[in-house]
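Structure first, then comments.
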Amino acid sequence: MDPSLLQDFLTESGELIEQLDADLVKLESSESDEAQELCNGCFRALHTIKGAASFLGLTAVTTFAHAAEDALNRLRKGEVGVTEEVMDALLQSADVVKGMIEQLSAGEEAHEGPKELIDRLHAIAEQAAGAPAATPNDQAPAGAQQPQEEDKSGTPLNLGPQKLDLLEFMVTDLSDASKQIVESADGLLNDATIEESAQHIHEVCQEMEKTAEFFELDQLTSLVKVLTGVAVKINALSGESIKEVAIRIKAAMHLIDLQADALNDLRALSWPLDTFCARLTSLADGGALEDSVKGRHNNDITHVLALDGVMQASEQAPQPQPEQPQAKAPAFDDKAAKPEAPSNNEDEQGQGEKSGASAAKPIAEQTIRVEVSRLESLLNLVGQLVLNKNRILALTRNIKDLSIPQEVGEDFAGAAGDLDHLMSELQVSVMRTRMQPLAKLFDRYPRVIRDMARMTNKKINLDIVGKDTEVDKSVLEQLADPLVHILRNSSDHGIESPEDRAKAGKPEAGTIRLEAEHQGSHVRVAITDDGKGLDREVLGAKAIEKGMTTPEKLEQMPDEDVFGFIFGAGFSTAKVVSDLSGRGVGMDVVRTNINKLNGTINVMSKKGQGTTIEILIPLTVAIMPAMVVGVGSHMYSIPLQSIVEIVRPEPEEVRSVSGHPVMKLRDIVLPLVDMRKRLDETRVEGGGRFAVVVAVGGQRVGLCVDKLIGQQEIVIKPLDDSYTQGGPFSGATIQEDGNVCLILDVVQLIRSNNKPGTKETRAAA
């Protein structure tokens, strides 16, 4: 098997199975109109995976997907109901197919699907015994009128088993493409949309041409090739010619619809198309129609087909003529690997930037797939450019001290400024290529909540807000597990049973709200439930029992710190260990993963009303702005997003509370951290003292430093875990002079300073 073809299958199938899983969850609670659309989409996704797997000879995937497809087809046609048992089987089927794809991705052979599940799927497919059997025209939309008398004209098809298995997919492909082209044909008559419509017709015809060639339908291939060539010439035509071209494009789509219906019955149709194609091509080349033909169709496609000798004006079906696709199989290549549906990006491409090139110039694709490793390499190179840009800016500043002409110095400064501007734009552009919407994560979670509700016998609704919020790909990947843990925790511990909620005067169905939004250079993700909330007394007692605090310290702690105990390793208030929770490891993993992202996590709760867990993470973890400071004889970087302000405390403003330095900053008492002592640096003569006020969540401290060097873009280089474990460093960067500069871990600095003495300062405030 060609590895590139397998990789294409794995990539496409992975996306389809994610969408299938999400749509199945929506289907379970959707209204009838939306349900039909979702059901058709699910069927098509599964059918696509099955067809491509069959073509590539992936027997295990094909066999299992076929069983699931049969069950889904019964559901799609309304022959079985949307019950919990049916949906459980279909969702488990999606999991099995996903597992098979993961096995193939790992270079393993896909295992056969579980027999018990296959038997359940077969039972669902056979539930409708006595109902009308599935017809070859399954794909017709619900409510579509069927002809009263079936037409059996045409030549029987003789297809191999692989092509026969893909035929239904191809028919749906043709029907969808025909609808799109008819809509775009109307857009040709409007000056504002003609270019966009012509481009769309060209793109869809190109895809249709590949499908027709794969099935060796010679006349259909020839007709679509004519349309493809005509589409790139439409912009150069006059108004009357455009009208004649548009009506003939619609007439061609009528023929394709008839062909699609016949293919459903394993028949191929043929028409005398020479005159029709010749007139269409002549019009596209700027020619004129004969006077006996021009304008006589009255915008009726059947009259057009009659005038061009394709069929009689009264005919609604074509006159069959012998045509038999050749029996030989075509050469297998990338383009023919699987019949491609019209691109999912067609609408997006249609809205793309319009080219000013000649109308006859082929239209290039506007989206491509790029390997992640290439983006990683590109980002790394941009990081090196940022470091060199900083070096050049430093050299430019030093030039002022040299005896060179003023004009030369100004030229250096101007070039350095341009480089700084261009590098900033390049950096932003590269970062955008790595940005992905949180929808890639959030769309998985309705399934998580649905399964949790089933396992706990609860009723839970999930509201999702802000899933279009974008973050860096690396952030997205590391955020996946923490969110799953929090959602499972909210479902199991937060939301009460329907009976308990009724006693508390709440609706039987609990609600979990998953919300995301941008906050400056960070993304805020909040998970809120309307459950029973956290109990300070219960958490405190458990913390004392585990030796995490003392009764005296507990009394001084604010609620947010007591709630923070849930992130302790091995901490759990569950009385019984279940498959879902009780071992005290989930939330500890959450905090660890969020810390790796240089993020923060806070808990807010009211007993009996609910809990909110708020996560604040940076948009990216590769390049970020920082304030470079001097402490002793070394320089350190502080992430700019953590800095609130910088003040210069006078010696008399600094006090000590329980042995910890503090200062009065407006209406609060601000804890101070002497970075000389923290970093074991020696005092430098002549240095001033500055307090860099940093904040994480609702906590603030002032980091006392000797010098402020200035703001820079820094490229984060990871350090060995032995250097970063417990802080105070999260990584390193390279300075303008080539020396290494350590990056301070603000989260760990605040946490290490978060001691009982600090609580007393709050009380004093």
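Residue numbers start at 1 in each chain; chains themselves are named A, B, ... in the order of the structure tokens; ligands are numbered from 1 in the order shown.
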Long-range neighbours of Gly107 in chain A as a PDB file with N, CA, C and O atoms, in the first residue's frame, 12 Å cut-off, only C-alpha atoms, 3 positions minimum in chain:
ATOM      1  N   PRO A   3       2.183   4.471   1.187  1.00  0.00           N
ATOM      2  CA  PRO A   3       2.075   5.123   2.509  1.00  0.00           C
ATOM      3  C   PRO A   3       1.372   6.472   2.449  1.00  0.00           C
ATOM      4  O   PRO A   3       0.668   6.844   3.387  1.00  0.00           O
ATOM      5  N   LEU A   6      -2.362   5.886   2.466  1.00  0.00           N
ATOM      6  CA  LEU A   6      -2.813   5.493   3.802  1.00  0.00           C
ATOM      7  C   LEU A   6      -2.852   6.706   4.723  1.00  0.00           C
ATOM      8  O   LEU A   6      -3.793   6.872   5.509  1.00  0.00           O
ATOM      9  N   GLN A   7      -1.829   7.581   4.628  1.00  0.00           N
ATOM     10  CA  GLN A   7      -1.794   8.761   5.488  1.00  0.00           C
ATOM     11  C   GLN A   7      -2.959   9.689   5.178  1.00  0.00           C
ATOM     12  O   GLN A   7      -3.576  10.264   6.080  1.00  0.00           O
ATOM     13  N   LEU A  10      -5.984   8.186   6.813  1.00  0.00           N
ATOM     14  CA  LEU A  10      -5.972   8.352   8.266  1.00  0.00           C
ATOM     15  C   LEU A  10      -6.324   9.780   8.658  1.00  0.00           C
ATOM     16  O   LEU A  10      -7.077  10.012   9.611  1.00  0.00           O
ATOM     17  N   MET A 100      -9.485   1.807  15.663  1.00  0.00           N
ATOM     18  CA  MET A 100      -8.863   1.176  14.492  1.00  0.00           C
ATOM     19  C   MET A 100      -7.957   2.154  13.753  1.00  0.00           C
ATOM     20  O   MET A 100      -6.855   1.805  13.314  1.00  0.00           O
ATOM     21  N   ILE A 101      -8.417   3.400  13.629  1.00  0.00           N
ATOM     22  CA  ILE A 101      -7.617   4.429  12.952  1.00  0.00           C
ATOM     23  C   ILE A 101      -6.334   4.693  13.736  1.00  0.00           C
ATOM     24  O   ILE A 101      -5.255   4.851  13.151  1.00  0.00           O
ATOM     25  N   GLU A 102      -6.440   4.719  15.063  1.00  0.00           N
ATOM     26  CA  GLU A 102      -5.246   4.930  15.893  1.00  0.00           C
ATOM     27  C   GLU A 102      -4.270   3.766  15.753  1.00  0.00           C
ATOM     28  O   GLU A 102      -3.047   3.965  15.739  1.00  0.00           O
ATOM     29  N   GLN A 103      -4.787   2.548  15.643  1.00  0.00           N
ATOM     30  CA  GLN A 103      -3.915   1.389  15.446  1.00  0.00           C
ATOM     31  C   GLN A 103      -3.170   1.483  14.120  1.00  0.00           C
ATOM     32  O   GLN A 103      -1.965   1.224  14.043  1.00  0.00           O
ATOM     33  N   LEU A 104      -3.884   1.867  13.075  1.00  0.00           N
ATOM     34  CA  LEU A 104      -3.242   2.018  11.765  1.00  0.00           C
ATOM     35  C   LEU A 104      -2.216   3.147  11.791  1.00  0.00           C
ATOM     36  O   LEU A 104      -1.151   3.042  11.175  1.00  0.00           O
ATOM     37  N   ALA A 110      -5.218  -3.145  12.085  1.00  0.00           N
ATOM     38  CA  ALA A 110      -6.465  -2.863  12.797  1.00  0.00           C
ATOM     39  C   ALA A 110      -7.116  -4.168  13.256  1.00  0.00           C
ATOM     40  O   ALA A 110      -7.270  -5.108  12.466  1.00  0.00           O
TER      41      ALA A 110
END
Surrounding residues of range 297-314 of chain A excluding itself and chain neighbours under 6 positions, 10 Å, only C-alpha atoms, as a PyMOL selection string
chain A and resi 243-244+246-255+270-280
Keeping only C-alpha atoms, take the residues you just selected and write them out as a compact mmCIF listing (two decimals), in the first residue's frame.
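Output saved as result-v5.txt:
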# COMPACT_ATOMS: atom_id res chain seq x y z
CA LYS A 243 -27.32 34.31 -20.11
CA GLU A 244 -27.05 31.63 -22.80
CA ALA A 246 -25.91 30.06 -17.62
CA ILE A 247 -29.08 28.37 -18.93
CA ARG A 248 -27.00 25.67 -20.66
CA ILE A 249 -25.03 25.03 -17.46
CA LYS A 250 -28.36 24.46 -15.68
CA ALA A 251 -29.45 22.16 -18.52
CA ALA A 252 -26.24 20.16 -18.11
CA MET A 253 -26.99 19.78 -14.40
CA HIS A 254 -30.45 18.45 -15.31
CA LEU A 255 -28.75 15.74 -17.36
CA SER A 270 -26.31 8.53 -22.94
CA TRP A 271 -27.50 11.43 -25.10
CA PRO A 272 -26.53 13.05 -28.41
CA LEU A 273 -24.51 15.93 -26.91
CA ASP A 274 -22.35 17.06 -29.84
CA THR A 275 -24.46 20.10 -30.74
CA PHE A 276 -25.04 21.04 -27.09
CA CYS A 277 -21.31 20.95 -26.24
CA ALA A 278 -20.31 22.70 -29.47
CA ARG A 279 -22.69 25.62 -28.82
CA LEU A 280 -21.60 25.90 -25.19
Contact residues around Cys704 in chain A with only C-alpha atoms at 9 Å, ignoring same-chain residues under 5 positions, as a list in words:
Val631, Leu672, Val673, Asp674, Met675, Arg676, Arg689, Phe690, Ala691, Val692 and Val693 of chain A
I need the chosen residues saved as an mmCIF file, in the first residue's frame, with all heavy atoms.
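This is the output file selection-v8.cif:
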data_model
loop_
_atom_site.group_PDB
_atom_site.id
_atom_site.type_symbol
_atom_site.label_atom_id
_atom_site.label_comp_id
_atom_site.auth_asym_id
_atom_site.auth_seq_id
_atom_site.Cartn_x
_atom_site.Cartn_y
_atom_site.Cartn_z
ATOM 1 N N VAL A 631 19.230 41.440 38.963
ATOM 2 C CA VAL A 631 19.264 41.073 40.379
ATOM 3 C C VAL A 631 20.700 40.654 40.677
ATOM 4 O O VAL A 631 21.186 39.659 40.135
ATOM 5 C CB VAL A 631 18.297 39.921 40.711
ATOM 6 C CG1 VAL A 631 18.367 39.588 42.191
ATOM 7 C CG2 VAL A 631 16.875 40.265 40.306
ATOM 8 N N LEU A 672 6.160 41.338 49.734
ATOM 9 C CA LEU A 672 7.358 41.535 48.926
ATOM 10 C C LEU A 672 8.245 40.297 48.974
ATOM 11 O O LEU A 672 8.304 39.608 49.991
ATOM 12 C CB LEU A 672 8.146 42.753 49.414
ATOM 13 C CG LEU A 672 7.423 44.109 49.367
ATOM 14 C CD1 LEU A 672 8.305 45.204 49.964
ATOM 15 C CD2 LEU A 672 7.022 44.468 47.937
ATOM 16 N N VAL A 673 8.915 40.049 47.863
ATOM 17 C CA VAL A 673 9.877 38.948 47.790
ATOM 18 C C VAL A 673 11.228 39.555 47.434
ATOM 19 O O VAL A 673 11.374 40.167 46.367
ATOM 20 C CB VAL A 673 9.474 37.903 46.724
ATOM 21 C CG1 VAL A 673 10.530 36.801 46.646
ATOM 22 C CG2 VAL A 673 8.111 37.312 47.039
ATOM 23 N N ASP A 674 12.202 39.422 48.330
ATOM 24 C CA ASP A 674 13.547 39.932 48.066
ATOM 25 C C ASP A 674 14.249 38.943 47.137
ATOM 26 O O ASP A 674 14.671 37.865 47.549
ATOM 27 C CB ASP A 674 14.326 40.077 49.377
ATOM 28 C CG ASP A 674 15.653 40.810 49.181
ATOM 29 O OD1 ASP A 674 16.172 40.794 48.039
ATOM 30 O OD2 ASP A 674 16.162 41.389 50.152
ATOM 31 N N MET A 675 14.369 39.323 45.853
ATOM 32 C CA MET A 675 14.917 38.394 44.882
ATOM 33 C C MET A 675 16.409 38.142 45.091
ATOM 34 O O MET A 675 16.921 37.126 44.643
ATOM 35 C CB MET A 675 14.657 38.918 43.461
ATOM 36 C CG MET A 675 13.170 38.999 43.100
ATOM 37 S SD MET A 675 12.293 37.427 43.345
ATOM 38 C CE MET A 675 13.109 36.384 42.164
ATOM 39 N N ARG A 676 17.102 39.052 45.770
ATOM 40 C CA ARG A 676 18.511 38.782 46.079
ATOM 41 C C ARG A 676 18.625 37.535 46.954
ATOM 42 O O ARG A 676 19.429 36.633 46.703
ATOM 43 C CB ARG A 676 19.124 39.977 46.817
ATOM 44 C CG ARG A 676 19.460 41.165 45.945
ATOM 45 C CD ARG A 676 20.199 42.176 46.798
ATOM 46 N NE ARG A 676 20.197 43.494 46.196
ATOM 47 C CZ ARG A 676 20.243 44.620 46.889
ATOM 48 N NH1 ARG A 676 20.252 44.571 48.217
ATOM 49 N NH2 ARG A 676 20.280 45.782 46.284
ATOM 50 N N ARG A 689 16.255 50.045 43.941
ATOM 51 C CA ARG A 689 15.375 48.946 44.330
ATOM 52 C C ARG A 689 14.011 49.200 43.726
ATOM 53 O O ARG A 689 13.405 50.257 43.936
ATOM 54 C CB ARG A 689 15.267 48.853 45.857
ATOM 55 C CG ARG A 689 16.548 48.417 46.536
ATOM 56 C CD ARG A 689 16.929 46.989 46.178
ATOM 57 N NE ARG A 689 16.242 46.007 47.009
ATOM 58 C CZ ARG A 689 16.245 44.722 46.771
ATOM 59 N NH1 ARG A 689 16.836 44.248 45.706
ATOM 60 N NH2 ARG A 689 15.633 43.898 47.572
ATOM 61 N N PHE A 690 13.545 48.228 42.956
ATOM 62 C CA PHE A 690 12.240 48.331 42.312
ATOM 63 C C PHE A 690 11.395 47.133 42.730
ATOM 64 O O PHE A 690 11.923 46.031 42.956
ATOM 65 C CB PHE A 690 12.383 48.341 40.789
ATOM 66 C CG PHE A 690 13.177 49.504 40.246
ATOM 67 C CD1 PHE A 690 14.553 49.415 40.109
ATOM 68 C CD2 PHE A 690 12.541 50.683 39.899
ATOM 69 C CE1 PHE A 690 15.281 50.480 39.612
ATOM 70 C CE2 PHE A 690 13.274 51.759 39.401
ATOM 71 C CZ PHE A 690 14.644 51.653 39.254
ATOM 72 N N ALA A 691 10.095 47.354 42.826
ATOM 73 C CA ALA A 691 9.166 46.266 43.118
ATOM 74 C C ALA A 691 8.326 46.017 41.874
ATOM 75 O O ALA A 691 7.513 46.859 41.479
ATOM 76 C CB ALA A 691 8.276 46.606 44.305
ATOM 77 N N VAL A 692 8.572 44.885 41.220
ATOM 78 C CA VAL A 692 7.782 44.498 40.050
ATOM 79 C C VAL A 692 6.556 43.748 40.560
ATOM 80 O O VAL A 692 6.669 42.629 41.078
ATOM 81 C CB VAL A 692 8.605 43.608 39.097
ATOM 82 C CG1 VAL A 692 7.771 43.237 37.876
ATOM 83 C CG2 VAL A 692 9.892 44.316 38.672
ATOM 84 N N VAL A 693 5.397 44.380 40.458
ATOM 85 C CA VAL A 693 4.162 43.794 40.994
ATOM 86 C C VAL A 693 3.622 42.786 39.980
ATOM 87 O O VAL A 693 3.282 43.145 38.844
ATOM 88 C CB VAL A 693 3.111 44.878 41.283
ATOM 89 C CG1 VAL A 693 1.859 44.244 41.891
ATOM 90 C CG2 VAL A 693 3.693 45.935 42.217
#
Please list as number ranges by chain every residue within 10 Å of Pro437 in chain A, counting only C-alpha atoms and excluding residues in the same chain fewer than 5 positions away.
A: 442, 466-473, 476
Kindly save the residues from that selection, with C-alpha atoms included, as a PDB file, in the first residue's frame.
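The resulting file, part.pdb, is shown below:
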ATOM      1  CA  PHE A 442     -14.876  21.552  23.141  1.00  0.00           C
ATOM      2  CA  GLY A 466     -16.622  30.788  22.988  1.00  0.00           C
ATOM      3  CA  LYS A 467     -15.405  27.647  21.251  1.00  0.00           C
ATOM      4  CA  ASP A 468     -14.126  29.778  18.341  1.00  0.00           C
ATOM      5  CA  THR A 469     -11.451  31.223  20.673  1.00  0.00           C
ATOM      6  CA  GLU A 470      -8.036  30.347  19.243  1.00  0.00           C
ATOM      7  CA  VAL A 471      -4.872  29.193  21.029  1.00  0.00           C
ATOM      8  CA  ASP A 472      -1.521  27.792  19.958  1.00  0.00           C
ATOM      9  CA  LYS A 473      -1.573  24.124  18.926  1.00  0.00           C
ATOM     10  CA  LEU A 476      -4.500  23.105  22.817  1.00  0.00           C
TER      11      LEU A 476
END
Within 7 Å of range 384-392 of chain A, counting only C-alpha atoms, which residues qualify if same-chain residues fewer than 5 places away don't, as JSON, numbers by chain?
{"A": [416, 420, 423, 734, 736, 737]}
List the neighbours of Arg524 in chain A out to 6 Å using only C-alpha atoms; skip same-chain residues closer than 4 positions along the sequence, and give me the result as number ranges by chain.
A: 516-517, 615-616
Go ahead and write the selection's residues with C-alpha atoms as a PDB file, in the first residue's frame.
ATOM      1  CA  ALA A 516     -13.628  30.486  26.802  1.00  0.00           C
ATOM      2  CA  GLU A 517     -12.574  34.048  25.989  1.00  0.00           C
ATOM      3  CA  ILE A 615      -8.007  28.514  34.069  1.00  0.00           C
ATOM      4  CA  LEU A 616      -5.837  31.308  32.687  1.00  0.00           C
TER       5      LEU A 616
END
